[in-house]
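The file my_file-v4.cif comes next; it holds mmCIF, C-alpha atoms and all ligand atoms.
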```
data_model
#
loop_
_atom_site.label_atom_id
_atom_site.label_comp_id
_atom_site.auth_asym_id
_atom_site.auth_seq_id
_atom_site.Cartn_x
_atom_site.Cartn_y
_atom_site.Cartn_z
CA MET A 22 134.31 100.48 133.34
CA PHE A 23 133.80 97.77 135.96
CA PRO A 24 135.77 97.65 139.21
CA ALA A 25 138.15 94.77 139.89
CA THR A 26 136.67 91.88 141.88
CA TYR A 27 136.32 92.48 145.61
CA GLU A 28 134.85 90.87 148.68
CA TYR A 29 131.90 92.74 150.24
CA LEU A 30 131.23 92.80 153.97
CA ARG A 31 128.35 94.69 155.59
CA ALA A 32 129.46 95.72 159.09
CA GLY A 33 126.91 95.16 161.87
CA SER A 34 128.82 97.27 164.40
CA ILE A 35 131.77 99.66 164.63
CA ASP A 36 133.80 96.91 166.32
CA GLU A 37 133.07 94.55 163.42
CA ALA A 38 134.16 97.20 160.88
CA VAL A 39 137.37 97.88 162.82
CA ALA A 40 138.14 94.16 163.16
CA ALA A 41 137.65 93.66 159.41
CA LEU A 42 139.93 96.63 158.66
CA ALA A 43 142.61 95.43 161.07
CA GLU A 44 142.66 91.94 159.47
CA ASP A 45 144.16 93.24 156.24
CA PRO A 46 144.53 97.05 156.35
CA ASP A 47 146.35 97.35 153.00
CA GLU A 48 143.60 95.61 151.04
CA THR A 49 140.46 96.75 152.92
CA ARG A 50 138.51 99.99 152.48
CA ILE A 51 135.51 101.42 154.33
CA LEU A 52 132.55 102.06 152.02
CA ALA A 53 130.48 105.05 153.17
CA GLY A 54 128.64 107.02 150.46
CA GLY A 55 130.82 105.55 147.73
CA GLN A 56 130.85 108.90 145.89
CA SER A 57 134.64 108.92 145.61
CA LEU A 58 135.60 105.31 146.24
CA ILE A 59 133.33 103.68 143.63
CA PRO A 60 134.34 106.03 140.76
CA MET A 61 138.00 105.44 141.68
CA MET A 62 137.43 101.67 141.65
CA LYS A 63 135.63 101.85 138.31
CA LEU A 64 138.55 103.80 136.85
CA ARG A 65 140.93 101.25 138.43
CA PHE A 66 142.71 104.00 140.38
CA ALA A 67 141.79 101.91 143.45
CA TYR A 68 141.35 98.14 143.64
CA PRO A 69 140.83 97.09 147.27
CA GLU A 70 140.27 93.36 147.76
CA ARG A 71 137.59 93.95 150.41
CA LEU A 72 134.99 96.64 151.10
CA VAL A 73 133.51 97.06 154.56
CA ASP A 74 130.13 98.76 154.11
CA ILE A 75 129.20 100.90 157.13
CA ASN A 76 125.78 101.98 155.80
CA GLY A 77 124.00 99.74 158.31
CA LEU A 78 125.55 101.60 161.27
CA HIS A 79 122.63 104.00 161.73
CA GLU A 80 124.00 105.10 165.11
CA LEU A 81 126.64 107.05 163.12
CA ALA A 82 124.05 109.04 161.11
CA TYR A 83 123.91 112.22 163.21
CA VAL A 84 124.70 115.94 163.20
CA ARG A 85 124.24 117.29 166.74
CA ARG A 86 125.48 119.87 169.23
CA GLU A 87 127.10 118.57 172.39
CA ASN A 88 129.75 119.78 174.87
CA GLY A 89 130.74 122.90 172.95
CA HIS A 90 131.03 121.35 169.49
CA VAL A 91 128.99 120.09 166.58
CA ALA A 92 129.49 116.35 166.20
CA VAL A 93 129.14 114.89 162.70
CA GLY A 94 128.92 111.10 162.62
CA ALA A 95 130.51 108.97 159.90
CA LEU A 96 127.14 108.33 158.25
CA ALA A 97 125.89 111.93 158.17
CA ARG A 98 125.40 112.81 154.51
CA HIS A 99 126.33 116.21 153.07
CA ALA A 100 122.56 116.79 152.70
CA ASP A 101 122.08 116.26 156.46
CA ILE A 102 124.52 119.10 157.06
CA VAL A 103 122.69 121.35 154.59
CA ALA A 104 119.46 120.62 156.50
CA SER A 105 120.91 120.98 160.01
CA ASP A 106 120.16 124.02 162.20
CA ASP A 107 123.09 123.05 164.43
CA VAL A 108 125.80 124.10 161.99
CA THR A 109 126.70 127.73 161.41
CA GLY A 110 129.46 129.86 159.87
CA ALA A 111 131.85 128.36 157.33
CA VAL A 112 130.43 124.82 157.72
CA ALA A 113 126.86 125.91 156.97
CA SER A 114 128.13 128.08 154.13
CA ALA A 115 130.14 125.23 152.53
CA ALA A 116 127.54 122.45 152.67
CA PRO A 117 125.42 123.54 149.66
CA TRP A 118 128.59 123.98 147.59
CA VAL A 119 129.63 120.33 147.87
CA ALA A 120 128.88 118.58 144.55
CA ASP A 121 125.21 118.35 143.50
CA PRO A 122 122.03 117.10 145.25
CA LEU A 123 122.54 113.47 144.09
CA VAL A 124 126.06 113.30 145.53
CA ARG A 125 125.06 115.27 148.64
CA ASN A 126 122.29 112.77 149.38
CA ARG A 127 124.74 109.89 149.48
CA GLY A 128 128.27 111.20 150.21
CA THR A 129 129.40 111.87 153.76
CA LEU A 130 131.49 114.64 155.31
CA VAL A 131 133.58 112.04 157.12
CA GLY A 132 134.22 110.10 153.88
CA SER A 133 135.32 113.31 152.23
CA VAL A 134 137.61 114.18 155.15
CA ALA A 135 139.17 110.69 155.13
CA HIS A 136 139.61 110.76 151.36
CA CYS A 137 141.83 113.92 151.53
CA ASP A 138 141.13 114.90 147.92
CA PRO A 139 142.95 118.24 147.34
CA GLU A 140 139.82 119.47 145.55
CA GLY A 141 137.41 118.33 148.27
CA ASP A 142 135.68 121.25 150.00
CA TRP A 143 135.42 120.01 153.58
CA ASN A 144 139.03 119.79 154.72
CA SER A 145 139.83 123.47 154.19
CA VAL A 146 136.65 124.41 156.08
CA LEU A 147 137.61 122.10 158.96
CA LEU A 148 141.13 123.54 159.02
CA ALA A 149 139.68 127.06 159.29
CA THR A 150 137.26 126.09 162.07
CA GLY A 151 139.74 123.99 164.08
CA ALA A 152 137.98 120.63 163.88
CA THR A 153 139.00 117.34 165.49
CA VAL A 154 138.73 113.88 163.95
CA VAL A 155 137.71 110.98 166.20
CA ALA A 156 139.18 107.65 165.08
CA GLN A 157 138.46 104.17 166.38
CA GLY A 158 140.82 101.26 165.94
CA PRO A 159 141.89 98.02 167.57
CA ASN A 160 143.35 100.04 170.49
CA GLY A 161 140.23 102.11 171.14
CA ARG A 162 139.33 105.73 170.32
CA ARG A 163 141.60 108.74 169.89
CA GLU A 164 141.18 112.36 168.82
CA ILE A 165 143.31 113.81 166.04
CA ASP A 166 143.60 117.53 165.30
CA ILE A 167 142.59 118.11 161.69
CA THR A 168 146.01 119.69 161.02
CA ASP A 169 147.64 116.38 162.00
CA PHE A 170 145.01 114.28 160.22
CA ILE A 171 145.66 115.68 156.73
CA VAL A 172 149.18 114.64 155.79
CA GLY A 173 149.20 114.76 152.00
CA LEU A 174 147.52 114.21 148.67
CA PHE A 175 144.82 111.57 149.31
CA GLU A 176 146.69 110.76 152.51
CA ASN A 177 145.51 110.87 156.13
CA SER A 178 147.24 109.90 159.36
CA LEU A 179 144.90 107.03 160.37
CA ASP A 180 146.77 104.07 161.81
CA GLU A 181 146.30 100.63 160.34
CA GLY A 182 142.87 99.26 161.26
CA GLU A 183 141.43 102.66 162.27
CA MET A 184 138.28 104.24 160.89
CA VAL A 185 136.85 107.72 161.49
CA VAL A 186 133.71 107.62 163.59
CA GLU A 187 133.10 111.35 164.05
CA VAL A 188 134.29 114.86 163.23
CA ARG A 189 133.95 117.55 165.92
CA ILE A 190 133.68 121.22 165.01
CA PRO A 191 134.06 123.65 167.94
CA VAL A 192 131.20 126.08 168.59
CA PRO A 193 132.75 129.40 169.71
CA SER A 194 131.30 130.81 172.93
CA GLY A 195 131.64 134.47 171.82
CA PRO A 196 130.68 136.35 168.65
CA SER A 197 131.88 134.49 165.56
CA GLY A 198 131.30 134.03 161.86
CA GLY A 199 132.64 132.20 158.88
CA VAL A 200 132.19 131.69 155.17
CA TYR A 201 133.27 129.34 152.39
CA ASN A 202 133.79 131.10 149.06
CA LYS A 203 134.04 128.72 146.12
CA LEU A 204 134.59 129.41 142.45
CA GLU A 205 133.37 126.56 140.23
CA ARG A 206 133.01 126.28 136.47
CA LYS A 207 129.46 124.96 136.69
CA ILE A 208 127.06 123.95 139.45
CA GLY A 209 128.23 120.78 141.19
CA ASP A 210 131.83 121.05 140.02
CA TYR A 211 134.94 120.79 142.15
CA ALA A 212 136.48 124.12 143.18
CA THR A 213 138.74 126.09 140.86
CA VAL A 214 139.44 128.14 143.97
CA GLY A 215 138.03 127.60 147.48
CA VAL A 216 138.72 129.81 150.50
CA ALA A 217 137.30 129.11 153.98
CA THR A 218 137.43 131.94 156.51
CA HIS A 219 136.51 131.97 160.20
CA LEU A 220 136.69 134.74 162.85
CA GLU A 221 136.00 134.92 166.58
CA LEU A 222 135.86 138.26 168.43
CA ALA A 223 136.97 139.11 171.97
CA ASP A 224 134.88 141.33 174.28
CA ASP A 225 136.92 144.41 173.28
CA GLY A 226 136.18 143.81 169.57
CA THR A 227 139.63 142.52 168.68
CA ILE A 228 140.06 139.23 166.82
CA ALA A 229 140.40 136.40 169.34
CA ALA A 230 140.80 133.61 166.78
CA ALA A 231 141.09 133.39 163.00
CA GLY A 232 141.03 130.51 160.56
CA ILE A 233 141.80 130.42 156.84
CA GLY A 234 141.85 127.24 154.73
CA LEU A 235 142.48 126.77 151.00
CA THR A 236 141.05 124.27 148.49
CA SER A 237 142.39 123.41 145.01
CA VAL A 238 145.07 126.13 144.93
CA VAL A 239 147.51 124.18 147.12
CA PRO A 240 148.80 120.59 146.78
CA TYR A 241 146.34 119.53 149.51
CA ALA A 242 143.95 121.37 151.87
CA THR A 243 146.10 123.85 153.77
CA LYS A 244 145.70 126.15 156.77
CA VAL A 245 147.24 129.59 156.16
CA THR A 246 148.88 130.10 159.53
CA GLU A 247 150.85 133.24 158.55
CA ALA A 248 147.68 135.13 157.64
CA GLU A 249 145.82 133.83 160.72
CA GLU A 250 148.62 135.08 162.97
CA MET A 251 148.46 138.54 161.35
CA LEU A 252 144.79 138.79 162.35
CA VAL A 253 144.77 137.52 165.93
CA GLY A 254 144.88 140.22 168.62
CA GLN A 255 144.18 143.00 166.09
CA MET A 256 141.20 145.30 165.66
CA PRO A 257 139.46 144.23 162.41
CA THR A 258 139.91 146.81 159.64
CA GLU A 259 139.79 146.75 155.84
CA GLU A 260 143.55 147.31 155.72
CA LEU A 261 144.20 144.38 158.05
CA PHE A 262 141.95 142.12 155.96
CA ALA A 263 143.73 143.29 152.78
CA ASP A 264 147.12 142.41 154.32
CA ALA A 265 145.86 138.98 155.44
CA ALA A 266 144.39 138.40 151.97
CA SER A 267 147.73 139.25 150.31
CA ALA A 268 149.50 136.83 152.66
CA THR A 269 146.93 134.12 151.83
CA ALA A 270 147.36 134.69 148.09
CA ALA A 271 151.14 134.51 148.53
CA ALA A 272 150.80 131.23 150.45
CA SER A 273 148.69 129.67 147.68
CA ASN A 274 150.34 127.70 144.92
CA PRO A 275 147.89 127.47 142.02
CA HIS A 276 148.73 126.05 138.61
CA THR A 277 147.74 127.29 135.19
CA ASP A 278 145.27 124.86 133.59
CA VAL A 279 142.06 124.85 131.54
CA ARG A 280 140.28 126.54 134.43
CA GLY A 281 142.55 129.61 134.53
CA THR A 282 146.02 130.99 134.90
CA GLU A 283 148.09 130.82 138.06
CA LYS A 284 148.03 134.63 138.35
CA TRP A 285 144.25 134.85 137.95
CA LYS A 286 143.62 132.11 140.53
CA ARG A 287 145.95 133.80 143.00
CA ASN A 288 144.00 137.02 142.51
CA ILE A 289 140.73 135.15 143.23
CA VAL A 290 142.29 133.82 146.46
CA ASP A 291 143.05 137.42 147.46
CA VAL A 292 139.53 138.66 146.63
CA TYR A 293 137.78 135.68 148.28
CA THR A 294 139.85 136.01 151.46
CA ARG A 295 139.02 139.70 151.82
CA ARG A 296 135.33 139.07 151.09
CA GLY A 297 135.26 136.06 153.40
CA LEU A 298 136.81 137.94 156.32
CA ALA A 299 134.41 140.87 155.83
CA SER A 300 131.38 138.50 155.81
CA ALA A 301 132.72 136.60 158.81
CA LEU A 302 133.05 139.90 160.68
CA ASP A 303 129.49 140.95 159.75
CA GLN A 304 128.21 137.60 161.04
CA ALA A 305 130.22 137.98 164.25
CA HIS A 306 128.74 141.44 164.86
CA ALA A 307 125.25 140.14 164.13
CA SER A 308 125.77 137.27 166.60
CA GLU A 309 126.71 139.63 169.46
CA PRO A 310 124.06 139.73 172.18
CA THR A 311 122.24 143.09 172.04
CA THR A 312 121.80 145.02 175.30
CA GLY A 313 118.33 145.99 176.46
CA SER A 314 116.65 142.99 174.80
CA THR A 315 113.32 142.01 176.31
CA ALA A 316 113.48 138.52 174.84
C1 LIG B 401 129.92 113.97 140.39
C2 LIG B 401 130.67 114.25 141.68
C3 LIG B 401 130.93 115.57 142.02
C4 LIG B 401 131.62 115.85 143.20
N1 LIG B 401 131.84 117.16 143.52
C5 LIG B 401 132.43 117.45 144.71
C6 LIG B 401 132.60 118.79 145.13
O1 LIG B 401 132.20 119.75 144.46
N2 LIG B 401 133.20 119.01 146.31
C7 LIG B 401 133.63 117.99 147.12
O2 LIG B 401 134.16 118.25 148.19
N3 LIG B 401 133.48 116.72 146.75
C8 LIG B 401 132.88 116.42 145.58
N4 LIG B 401 132.70 115.11 145.21
C9 LIG B 401 133.28 114.05 146.08
C10 LIG B 401 132.33 113.59 147.12
O3 LIG B 401 131.42 114.53 147.57
C11 LIG B 401 133.09 113.17 148.38
O4 LIG B 401 134.42 112.85 148.18
C12 LIG B 401 132.39 111.99 148.91
O5 LIG B 401 131.11 112.38 149.31
C13 LIG B 401 133.14 111.31 150.04
O6 LIG B 401 132.27 110.70 150.93
P1 LIG B 401 131.70 109.24 150.72
O7 LIG B 401 130.89 108.97 151.92
O8 LIG B 401 131.05 109.11 149.41
O9 LIG B 401 133.06 108.39 150.77
P2 LIG B 401 133.43 107.05 150.01
O10 LIG B 401 133.48 107.29 148.55
O11 LIG B 401 132.62 105.90 150.49
O12 LIG B 401 134.92 106.86 150.57
C14 LIG B 401 135.96 107.74 150.18
C15 LIG B 401 137.27 107.29 150.85
O13 LIG B 401 137.20 107.54 152.26
C16 LIG B 401 137.30 106.32 152.98
N5 LIG B 401 136.34 106.39 154.07
C17 LIG B 401 135.01 106.66 153.99
N6 LIG B 401 134.47 106.72 155.21
C18 LIG B 401 135.47 106.45 156.09
C19 LIG B 401 135.54 106.36 157.51
N7 LIG B 401 134.46 106.54 158.28
N8 LIG B 401 136.73 106.09 158.07
C20 LIG B 401 137.84 105.90 157.32
N9 LIG B 401 137.84 105.98 155.96
C21 LIG B 401 136.67 106.25 155.36
C22 LIG B 401 136.97 105.21 151.98
O14 LIG B 401 137.55 103.98 152.36
C23 LIG B 401 137.55 105.78 150.71
O15 LIG B 401 138.94 105.57 150.67
C24 LIG B 401 132.04 114.79 144.05
C25 LIG B 401 131.76 113.45 143.70
C26 LIG B 401 131.08 113.18 142.52
C27 LIG B 401 130.77 111.74 142.18
#
```
Re-express the file's structure as structure tokens.
Amino acid sequence: MFPATYEYLRAGSIDEAVAALAEDPDETRILAGGQSLIPMMKLRFAYPERLVDINGLHELAYVRRENGHVAVGALARHADIVASDDVTGAVASAAPWVADPLVRNRGTLVGSVAHCDPEGDWNSVLLATGATVVAQGPNGRREIDITDFIVGLFENSLDEGEMVVEVRIPVPSGPSGGVYNKLERKIGDYATVGVATHLELADDGTIAAAGIGLTSVVPYATKVTEAEEMLVGQMPTEELFADAASATAAASNPHTDVRGTEKWKRNIVDVYTRRGLASALDQAHASEPTTGSTA
């Protein structure tokens, strides 16, 4: 199917993109990789009157470490994240699971975050890792905690005329690890179940910070605060992880469909949370500086 008629504008700067958005926010959409927007327009689920193409803004095509976080610009493709040595933990683990190579070469993390698809992989990972979204609008730049950015099904908290310019993922200073476990029917598919886990350890070996995010088994990407709170301040043990996994499964709200029953999906959430926490802990131990090193 063909999309409805629209006006096309290629932005020459961020300011130009923001000005075009602010002119008619209800009828204007940013075009990044087009891997969600174009299919939606072809299916006539979306029919914006104007697209503002940001693909000429090469200054936004970066994945880099700076000031204690990894910064991902609005034009960094999923494939750039797969290739980056700067990302670790749950983010590095999730990148190869997003779609297939064709989509990864074109689609962007920021586009996926802004799109807020409940089956998109990135938002649960960013909830687990405590990311921040940087938005720019007619009134300048502001930072939005990812928990405040995701407000519903295909719904973010951007103000009228704002676009996302960057996502910032904190880099823990101590031992840490994280994993994204995804169950998909076939390679490149959206998640039947997705669980992101993230752990940071204190000097005494207790859990200093924990993050758990869910994909596809909740109405929209959700942070499982109850389970995170059970973990923080505790010594990591199998029993503790089992309790946190049960709490995560209880907090999920899967539906029976062609991909599986509600009960089966909830069980996968439990298993993936336990596995994810165990892998995150292994990574955290491996990332601890070893004494007596001559390096
Ligand atoms: C065959 C196929 C399989 C897929 N499988 C998966 C999968 O397994 N997992 C997964 O997570 N995703 C999957 N996707 C979705 C896709 O990876 C992402 O949703 C997509 O990459 C989003 O990024 P984009 O740059 O293409 O955004 P676009 O399609 O260009 O835009 C998406 C939405 O975000 C808005 N937007 C984009 N950039 C900005 C910005 N900087 N500021 C404000 N708003 C913005 C647009 O206006 C639009 O509303 C799949 C897509 C396809 C076609």
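For the choices A:Glu28, A:Asp224, A:Asp138, A:Asp303, the atom-to-atom distance to ligand LIG 401 (chain B) is smallest for A:Asp138 when using all atoms listed in the file.
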### Contacts to ligand LIG 401 (chain B) at 6 Å cut-off (only C-alpha atoms and all ligand atoms) as a PyMOL selection string
chain A and resi 50-58+95+119-120+124+128-133+135-136+141-143+184-186+209-211
### Using all atoms listed in the file: which of A:Val253, A:Val108, A:Met22, A:Ala301 has the shortest distance to Glu87 (chain A)
A:Val108
### Task
Write out as a list in words the residues lying within 10 Å of Ser237 (chain A), counting only C-alpha atoms and excluding same-chain residues fewer than 3 positions away.
Asp138, Pro139, Glu140, Gly141, Asp142, Ser145, Lys203, Tyr211, Ala212, Thr213, Val214, Gly215, Val216, Pro240, Tyr241, Ala242, Thr243, Ser273, Asn274, Pro275, His276 and Lys286 of chain A
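Computed from the coordinates, the CA of Asp291 (chain A) to CA of Cys137 (chain A) distance equals 23.9 Å.
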Write out as a compact mmCIF listing (two decimals) with C-alpha atoms, keeping the file's coordinate frame each polymer residue whose atoms come within 8 Å of Asp74 (chain A), counting only C-alpha atoms; drop sequence neighbours fewer than 2 positions from it.
```
# COMPACT_ATOMS: atom_id res chain seq x y z
CA TYR A 29 131.90 92.74 150.24
CA LEU A 30 131.23 92.80 153.97
CA ARG A 31 128.35 94.69 155.59
CA ALA A 32 129.46 95.72 159.09
CA ILE A 51 135.51 101.42 154.33
CA LEU A 52 132.55 102.06 152.02
CA ALA A 53 130.48 105.05 153.17
CA LEU A 72 134.99 96.64 151.10
CA ASN A 76 125.78 101.98 155.80
CA GLY A 77 124.00 99.74 158.31
```
### Task
Work out how far CA of Gln157 (chain A) is from CA of Ile171 (chain A), in Å to one decimal.
16.7 Å
### Summary
Judged by all atoms listed in the file, the minimum distance to Ala307 (chain A) among A:Ala82, A:Leu222, A:Met62, A:Leu179 is found for A:Leu222
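The space between CA of Ile59 (chain A) and CA of Tyr27 (chain A) spans 11.8 Å.
Each of A:Val188, A:Ile228, A:Ile165, A:Leu148 was compared to Gly94 (chain A) using only C-alpha atoms, and A:Val188 turns out to be the nearest.
Among the candidates A:Gln255, A:Ser34, A:Thr109, A:Ser197, the one nearest to Thr227 (chain A) when counting all atoms listed in the file is A:Gln255.
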